[in-house]
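Here is input_23.cif, consisting of mmCIF, C-alpha atoms:
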data_final
loop_
_atom_site.label_atom_id
_atom_site.label_comp_id
_atom_site.auth_asym_id
_atom_site.auth_seq_id
_atom_site.Cartn_x
_atom_site.Cartn_y
_atom_site.Cartn_z
CA MET A 1 19.42 55.91 -2.40
CA PRO A 2 19.03 53.63 -5.42
CA GLU A 3 17.13 54.95 -8.38
CA PRO A 4 13.73 53.36 -8.95
CA LEU A 5 13.44 50.94 -11.84
CA PRO A 6 11.89 52.27 -15.05
CA ALA A 7 8.20 51.36 -15.13
CA GLU A 8 8.51 49.24 -18.28
CA LEU A 9 11.44 47.27 -16.86
CA ALA A 10 9.58 46.63 -13.61
CA ARG A 11 6.54 45.48 -15.56
CA ARG A 12 8.60 43.06 -17.62
CA ILE A 13 10.26 41.53 -14.56
CA GLU A 14 6.89 41.15 -12.87
CA VAL A 15 5.37 39.43 -15.91
CA LEU A 16 8.31 37.03 -16.23
CA GLU A 17 8.36 36.17 -12.53
CA GLU A 18 4.64 35.44 -12.53
CA GLU A 19 4.87 33.12 -15.52
CA PRO A 20 5.47 29.43 -14.93
CA GLN A 21 9.09 28.47 -15.54
CA GLY A 22 8.23 26.51 -18.65
CA PRO A 23 9.11 23.15 -20.12
CA ASP A 24 12.89 23.61 -19.89
CA PHE A 25 12.79 23.79 -16.09
CA ASP A 26 10.87 20.63 -15.31
CA PRO A 27 12.39 17.61 -13.52
CA VAL A 28 12.92 15.76 -16.81
CA SER A 29 15.07 18.62 -18.14
CA TRP A 30 17.18 18.69 -14.96
CA MET A 31 17.57 14.92 -15.20
CA TRP A 32 18.87 15.26 -18.78
CA LEU A 33 21.20 18.02 -17.64
CA ALA A 34 22.68 15.83 -14.90
CA LEU A 35 22.89 12.87 -17.25
CA LEU A 36 24.62 14.72 -20.10
CA GLY A 37 26.68 17.06 -17.95
CA LEU A 38 27.85 14.72 -15.19
CA VAL A 39 26.97 11.04 -15.40
CA LEU A 40 27.82 10.41 -19.05
CA PRO A 41 31.06 12.47 -19.19
CA VAL A 42 32.34 11.00 -15.92
CA GLY A 43 31.59 7.55 -17.31
CA VAL A 44 33.45 8.40 -20.52
CA LEU A 45 36.44 9.70 -18.56
CA VAL A 46 36.56 6.57 -16.39
CA LEU A 47 36.31 4.42 -19.50
CA GLY A 48 39.10 6.38 -21.18
CA TRP A 49 41.30 6.06 -18.10
CA PHE A 50 41.28 2.26 -18.34
CA LEU A 51 41.71 2.05 -22.14
CA MET B 52 2.92 45.05 -26.05
CA SER B 53 3.81 47.23 -28.99
CA LEU B 54 6.63 46.59 -31.41
CA ALA B 55 8.25 49.84 -30.33
CA GLU B 56 8.39 48.67 -26.71
CA GLY B 57 9.78 45.30 -27.81
CA GLY B 58 12.48 46.99 -29.87
CA LEU B 59 13.34 49.31 -26.98
CA ALA B 60 13.71 46.34 -24.65
CA ASP B 61 15.94 44.56 -27.15
CA ARG B 62 18.25 47.58 -27.50
CA SER B 63 18.39 48.33 -23.79
CA ALA B 64 19.13 44.71 -22.74
CA TRP B 65 15.92 44.59 -20.74
CA PRO B 66 14.28 41.18 -20.31
CA LEU B 67 12.44 40.01 -23.41
CA LEU B 68 9.01 38.51 -22.95
CA PRO B 69 8.52 35.07 -24.54
CA ALA B 70 6.47 36.52 -27.41
CA GLU B 71 9.30 38.92 -28.31
CA ARG B 72 12.06 36.33 -28.49
CA THR B 73 13.19 35.34 -31.96
CA TRP B 74 15.27 32.32 -30.94
CA GLY B 75 14.14 28.80 -30.25
CA ARG B 76 15.65 25.40 -29.57
CA TRP B 77 16.65 24.75 -33.19
CA ARG B 78 18.19 28.17 -33.73
CA LEU B 79 20.20 27.82 -30.54
CA ALA B 80 21.25 24.28 -31.49
CA ILE B 81 22.47 25.43 -34.92
CA ALA B 82 24.36 28.40 -33.46
CA LEU B 83 25.99 26.25 -30.79
CA ALA B 84 26.87 23.50 -33.26
CA THR B 85 28.60 26.11 -35.41
CA ALA B 86 30.63 27.30 -32.43
CA ALA B 87 31.41 23.74 -31.40
CA ALA B 88 32.84 22.95 -34.82
CA ALA B 89 35.14 25.97 -34.74
CA THR B 90 38.88 25.93 -35.23
CA TRP B 91 39.68 25.50 -31.54
CA CYS B 92 38.53 21.88 -31.78
CA TYR B 93 41.34 21.09 -34.20
CA LEU B 94 43.92 22.94 -32.14
CA ILE B 95 43.02 21.22 -28.89
CA GLY B 96 42.69 17.85 -30.62
CA GLU B 97 46.15 18.26 -32.06
CA TYR B 98 47.72 18.97 -28.68
CA VAL B 99 45.88 16.13 -26.96
CA GLY B 100 47.45 13.82 -29.52
CA TYR B 101 50.89 14.59 -28.06
CA TYR B 102 49.94 13.14 -24.68
CA LEU B 103 47.21 10.54 -25.14
CA ASN B 104 46.42 7.78 -27.59
CA PHE B 105 43.31 7.96 -29.78
CA PHE B 106 40.83 6.34 -27.37
CA GLN B 107 42.10 8.17 -24.30
CA GLY B 108 42.18 11.45 -26.19
CA ALA B 109 38.66 11.01 -27.56
CA ALA B 110 37.37 10.13 -24.07
CA ALA B 111 39.16 13.08 -22.45
CA LEU B 112 37.94 15.56 -25.06
CA THR B 113 34.35 14.28 -25.06
CA GLY B 114 34.00 14.02 -21.29
CA GLY B 115 35.89 17.23 -20.60
CA CYS B 116 33.87 19.24 -23.11
CA MET B 117 30.58 17.93 -21.72
CA ILE B 118 31.52 18.85 -18.14
CA GLY B 119 32.78 22.23 -19.32
CA MET B 120 29.52 22.89 -21.14
CA LEU B 121 27.60 22.04 -17.98
CA LEU B 122 29.56 24.66 -16.01
CA VAL B 123 29.05 27.29 -18.71
CA PHE B 124 25.38 26.46 -19.03
CA LEU B 125 24.73 26.59 -15.29
CA ALA B 126 26.42 30.00 -15.11
CA ALA B 127 24.21 31.64 -17.74
CA GLY B 128 21.64 29.27 -19.23
CA PRO B 129 18.84 29.18 -16.64
CA ILE B 130 18.69 32.92 -15.98
CA CYS B 131 19.07 33.84 -19.67
CA GLY B 132 16.36 31.38 -20.69
CA ARG B 133 13.97 32.29 -17.94
CA PHE B 134 14.27 36.07 -18.18
CA GLY B 135 15.24 36.56 -21.82
CA ILE B 136 18.46 38.48 -21.20
CA ASP B 137 21.96 38.14 -22.63
CA SER B 138 24.81 36.59 -20.71
CA VAL B 139 26.47 39.91 -19.83
CA ALA B 140 23.21 41.29 -18.42
CA ALA B 141 22.94 38.06 -16.40
CA THR B 142 26.12 39.02 -14.51
CA LYS B 143 24.50 42.09 -12.93
CA PRO B 144 23.26 40.22 -9.82
CA GLN B 145 26.87 39.23 -9.02
CA PHE B 146 28.80 42.26 -10.32
CA GLY B 147 26.29 45.06 -9.80
CA SER B 148 24.87 47.73 -12.07
CA SER B 149 28.37 49.14 -12.71
CA GLY B 150 30.54 46.06 -12.23
CA TRP B 151 28.96 44.25 -15.18
CA VAL B 152 31.53 46.16 -17.24
CA ILE B 153 34.20 43.70 -15.97
CA PRO B 154 32.70 40.54 -17.53
CA SER B 155 31.76 42.57 -20.58
CA LEU B 156 35.37 43.69 -21.04
CA MET B 157 36.60 40.14 -20.45
CA GLN B 158 34.26 38.93 -23.15
CA ILE B 159 35.41 41.61 -25.60
CA ILE B 160 39.08 40.88 -24.87
CA SER B 161 38.59 37.16 -25.40
CA ILE B 162 36.70 37.79 -28.66
CA ILE B 163 39.42 40.13 -29.94
CA GLY B 164 42.15 37.65 -28.97
CA TRP B 165 40.46 34.67 -30.51
CA ASN B 166 39.54 36.46 -33.73
CA SER B 167 43.09 37.75 -34.04
CA LEU B 168 44.23 34.15 -33.86
CA LEU B 169 41.74 33.19 -36.55
CA LEU B 170 42.98 36.02 -38.76
CA ILE B 171 46.56 34.78 -38.38
CA PHE B 172 45.46 31.26 -39.31
CA PHE B 173 43.63 32.58 -42.32
CA ALA B 174 46.61 34.60 -43.50
CA LYS B 175 49.07 31.74 -43.04
CA SER B 176 46.71 29.34 -44.82
CA ALA B 177 46.35 31.78 -47.72
CA THR B 178 50.12 32.07 -47.93
CA GLN B 179 50.52 28.30 -47.96
CA LEU B 180 47.80 27.97 -50.61
CA LEU B 181 49.51 30.51 -52.88
CA ARG B 182 52.79 28.69 -52.41
CA VAL B 183 51.31 25.27 -53.23
CA LEU B 184 49.49 26.59 -56.29
CA GLY B 185 52.63 28.30 -57.52
CA LEU B 186 50.93 31.69 -57.44
CA MET B 187 53.26 33.29 -54.95
CA PRO B 188 55.01 36.27 -56.58
CA ALA B 189 58.73 35.68 -56.79
CA ALA B 190 59.58 38.94 -55.09
CA MET B 191 57.26 38.28 -52.14
CA SER B 192 57.36 35.99 -49.15
CA GLY B 193 55.12 35.17 -46.22
CA ARG B 194 56.27 38.36 -44.49
CA GLU B 195 54.38 40.41 -47.06
CA ILE B 196 51.49 38.06 -47.82
CA VAL B 197 50.41 37.45 -44.20
CA PRO B 198 49.79 41.14 -43.36
CA ALA B 199 48.10 41.67 -46.74
CA ALA B 200 45.80 38.67 -46.28
CA THR B 201 45.00 39.82 -42.73
CA LEU B 202 44.11 43.27 -44.00
CA LEU B 203 41.96 41.74 -46.73
CA ALA B 204 40.10 39.57 -44.21
CA CYS B 205 39.52 42.55 -41.89
CA SER B 206 38.23 44.62 -44.81
CA LEU B 207 35.85 41.86 -45.94
CA ILE B 208 34.45 41.50 -42.42
CA TYR B 209 34.12 45.25 -42.00
CA PHE B 210 32.30 45.83 -45.27
CA SER B 211 30.07 42.79 -44.84
CA LEU B 212 28.94 44.16 -41.46
CA LEU B 213 28.16 47.66 -42.77
#
Representation of the structure as structure tokens:
Amino acid sequence: MPEPLPAELARRIEVLEEEPQGPDFDPVSWMWLALLGLVLPVGVLVLGWFL
Amino acid sequence: MSLAEGGLADRSAWPLLPAERTWGRWRLAIALATAAAATWCYLIGEYVGYYLNFFQGAAALTGGCMIGMLLVFLAAGPICGRFGIDSVAATKPQFGSSGWVIPSLMQIISIIGWNSLLLIFFAKSATQLLRVLGLMPAAMSGREIVPAATLLACSLIYFSLL
């Protein structure tokens, strides 16, 4: 049987899960992530391929 | 929340509440920029030059690094940012409460390997510098200077961390 979580740890997890995700998890942030992590580098690689 | 509880959470790798976190966007940006400008950039850039011309190499390095950063960020960034934990603690959902030792060991091994490489670079650079400046003792060669410079670098790091 798994040991129960320490009370302070359980309290911290509960507080963090109840909080809103914050400004770094909004749609604009995910859009920037996709732009900088996928769209732009793939474009750069395609550009480099034809240079 | 008392300071004692915050300190306990920090030492035990428990999630840090937003008020307890000492990092922010700028601190993270500076730390990451420092890592990005590390020696590995020069090494990889040198090897890319053997296979690609300047424009192709610049495109491959830029695009490849950005895609690589996306993969690394997706693996650790969201959970670490949301719950205020370090990247090794973030592996517990996948590896379990005992298996997290595996990624932790992998991280330690990679750090030891990379820093050993940096120490070798430092020692060889010091040897070359002594040679260029004409300060290399006549009775000594790189075989003696490299281990001595490595030992000196290790000692400096050790005592600066005490």
*Excluding Ala200 in chain B and any residue of its chain fewer than 2 positions from it, enumerate the residues within 12 Å of it, using all atoms listed in the file, and give them as a list in words.*
Leu169, Leu170, Ile171, Phe172, Phe173, Ala174, Lys175, Ser176, Ala177, Thr178, Gln179, Leu180, Leu181, Gly193, Arg194, Glu195, Ile196, Val197, Pro198, Leu202, Leu203, Ala204, Cys205, Ser206 and Leu207 of chain B
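Using all atoms listed in the file, the chain A residues found within 6 Å of chain B amount to Gly37, Pro41, Val44, Leu45 and Gly48 of chain A.
Computed from the coordinates, the CA of Trp165 in chain B to CA of Tyr102 in chain B distance equals 24.2 Å.
With CA of Tyr93 in chain B on one side and CA of Gly75 in chain B on the other, the separation reads 28.5 Å.
For the pair CA of Met31 in chain A and CA of Leu47 in chain A, the separation is 21.9 Å.
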*Name the residues that the PyMOL selection byres ((chain B and resi 140) around 12) pulls out of this structure, and write them as a ChimeraX atom specification.*
/B:61,63-67,127,130-131,134-139,141-155
May I have the centre and edge lengths, in Å to one decimal, of an axis-aligned box around the listed atoms of range 23-28 of chain A with 6 Å added to every side, as lines of an AutoDock Vina configuration file?
center_x = 11.0
center_y = 19.8
center_z = -16.8
size_x = 15.8
size_y = 20.0
size_z = 18.6
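Residue nearest Gly128 in chain B, chosen from B:Leu79, B:Ala88, B:Glu97, B:Ala189 and counting all atoms listed in the file: B:Leu79.
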